[in-house]
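> One structure coming up, written as structure tokens, with questions to follow.
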Number of protein chains: 2
Amino acid sequence: MRLTSPKREARYRQLLQAALKIFGRDGIDGASVADIAEAAGVAKGSVYLYFDSKEALAGDLVRHLFTFEDDGARLSDELEPLARILAFCESHEKRILSLGDDAPVVLHMFGHVGKKADDQLGRGVRQLMAESRFAIQVLLRRAMDKGQVPGCDDCGRGAAILLATMMGTVHQKLAMPDLVGEGGLGVRDAVSNAMRGLGALM
Amino acid sequence: MRLTSPKREARYRQLLQAALKIFGRDGIDGASVADIAEAAGVAKGSVYLYFDSKEALAGDLVRHLFTFEDDGARLSDELEPLARILAFCESHEKRILSLGDDAPVVLHMFGHVGKKADDQLGRGVRQLMAESRFAIQVLLRRAMDKGQVPGCDDCGRGAAILLATMMGTVHQKLAMPDLVGEGGLGVRDAVSNAMRGLGALM
DNA sequence: GGCGCATCTGACCAACCGGTCAATAGAGAC
DNA sequence: GTCTCTATTGACCGGTTGGTCAGATGCGCC
């Protein structure tokens, strides 16, 4: 059938969006498949035509949320390495915050990282974090080779610091938006601050 | 009855410890009261003699885990303000990591911080974070008055950065212990790095 | 022993869960 | 219209949950 593929994809995205809302509201364990189906406007049984299980749905969602599909620019050579790290962090922040009221789902997902080691969702999140750290590490090394980070001789550790700063800041904005002032604490501020600490000449 | 009070307290702590283990393993929504009771060596019904509900149990646990009862030294004047901030962060890290295999419960709890606004557990976590930020802010201001942080003119923002760094680093250590090298990325390293960024003369 | 009382128990309950599947609806071909 | 095949449904299932409560248990006291 010709209509099948586009139709299926539309339903698939429809379900992902509904899952985003319900997972964000109730958590992943707390959410019920029935609620997700209702939010998507389909019957509960239909969910299982697109996903093997609730956990698989969550896994697909995390991949969908954190795939940096539009970040080609990040890897281009238009920007200096350090500026690219900042752009990467800002892009991450923007994508998360653009979820608006559904953003807390991210907290639930990261909260899952730590459960049973063979947990599908946890493995997915952990892999994404590892990839992010590696991307930052590569950029940091290039910056180091250019002499832009004189105080930093361990790019792995530096990348870990920057990633932790980025994650912590986004987490803070999601969980406690009223903790910081009006404009709020931007990820760019926090990460570039950490870069200054690394010895960057910015 | 004279025995009541100490006995009750012992049971109470016994249940908190069991909850820590089970919540850490299964998450808060995922954990069952029966499992917690079994881990504590009591019948399920007994849990409700000490806590109104599972959520209340989680709330008490979060208060128990994050109450800085032994941090009196932090507020003494034996250390310089900036050193005290570092001591505070290290104390937090130590307390969390000392939970060992049960530590992931912390992630689950932070993951809860986005649920319904009137969620008891979420409010508790948020309040604790706000208190921590305030404590750091006060110390930062003192350091600023002493001229130790010349580049920092907004203590609230500075405290938010330091807190986010601390939280992000602890989170990273809990969720992805293999992401950083052998010794790992310490909270002291990350926070003092952020302080250097703030302009501290350390 | 026996009384009084706080503590504890575990069978029980209604509600809900993730997941299944026989039945139904609907779209395109002719 | 009608035949075919796929997409969709929602009643249904076994299992589990948080929470209750009537009764058992144990301890201090007389």
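Following the order of the structure tokens, first chain is A, next is B, and so on, with residues numbered from 1 inside each chain and ligands from 1 in the order they appear.
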Sort by chain and increasing residue number a table of all residues of chain C within 9 Å of chain B, each with its closest pair of atoms and their distance in Å to one decimal, counting only C-alpha atoms (C1' of nucleotides), and write it as JSON lines.


```
{"residue": "C:DA6", "atom": "C1'", "partner": "B:Thr4", "partner_atom": "CA", "distance": 8.3}
{"residue": "C:DT7", "atom": "C1'", "partner": "B:Ser46", "partner_atom": "CA", "distance": 8.8}
{"residue": "C:DC8", "atom": "C1'", "partner": "B:Ser46", "partner_atom": "CA", "distance": 6.5}
{"residue": "C:DT9", "atom": "C1'", "partner": "B:Ala43", "partner_atom": "CA", "distance": 6.1}
{"residue": "C:DG10", "atom": "C1'", "partner": "B:Ala43", "partner_atom": "CA", "distance": 7.2}
```

> Show me which bits of chain A are within 8 Å of chain B, counting only C-alpha atoms, as a PyMOL selection string.

chain A and resi 24-27+29-30+104-105+107-116+126+130+156-157+160-161+164-169+171-172+174-176+179-181+185+190+193-198

> CA of Arg84 (chain B) and CA of Leu139 (chain B), how far apart in Å?

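According to the coordinates, CA of Leu139 (chain B) and CA of Arg84 (chain B) are separated by 7.6 Å.
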
> Give me the chain D side of the contact with chain B, cut-off 10 Å, one line per residue showing its nearest atom pair and distance in Å at one decimal, counting only C-alpha atoms (C1' of nucleotides), sorted by chain and residue number, as JSON lines.


```
{"residue": "D:DT16", "atom": "C1'", "partner": "B:Ser32", "partner_atom": "CA", "distance": 9.2}
{"residue": "D:DT17", "atom": "C1'", "partner": "B:Ser32", "partner_atom": "CA", "distance": 7.3}
{"residue": "D:DG18", "atom": "C1'", "partner": "B:Val33", "partner_atom": "CA", "distance": 7.5}
{"residue": "D:DG19", "atom": "C1'", "partner": "B:Ser53", "partner_atom": "CA", "distance": 8.2}
{"residue": "D:DT20", "atom": "C1'", "partner": "B:Gly45", "partner_atom": "CA", "distance": 8.5}
{"residue": "D:DC21", "atom": "C1'", "partner": "B:Gly45", "partner_atom": "CA", "distance": 9.6}
{"residue": "D:DC27", "atom": "C1'", "partner": "B:Leu3", "partner_atom": "CA", "distance": 9.9}
{"residue": "D:DG28", "atom": "C1'", "partner": "B:Met1", "partner_atom": "CA", "distance": 8.5}
```

> Based on the backbone DSSP call, show me all residues of region 2-202 of chain A assigned helix (DSSP H, G or I), as a PyMOL selection string.

chain A and resi 4-26+33-40+44-50+54-66+72-75+81-97+100-102+105-112+120-145+155-175+187-198

> Please measure the separation of C1' of DC13 (chain D) and CA of Ala40 (chain A), giving the value in Å to one decimal.

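Straight-line distance from C1' of DC13 (chain D) to CA of Ala40 (chain A) works out to 24.4 Å.
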
> Please, what distance in Å, to one decimal, runs between CA of Phe66 (chain B) and CA of Leu128 (chain B)?

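Between these atoms lies a distance of 7.3 Å.
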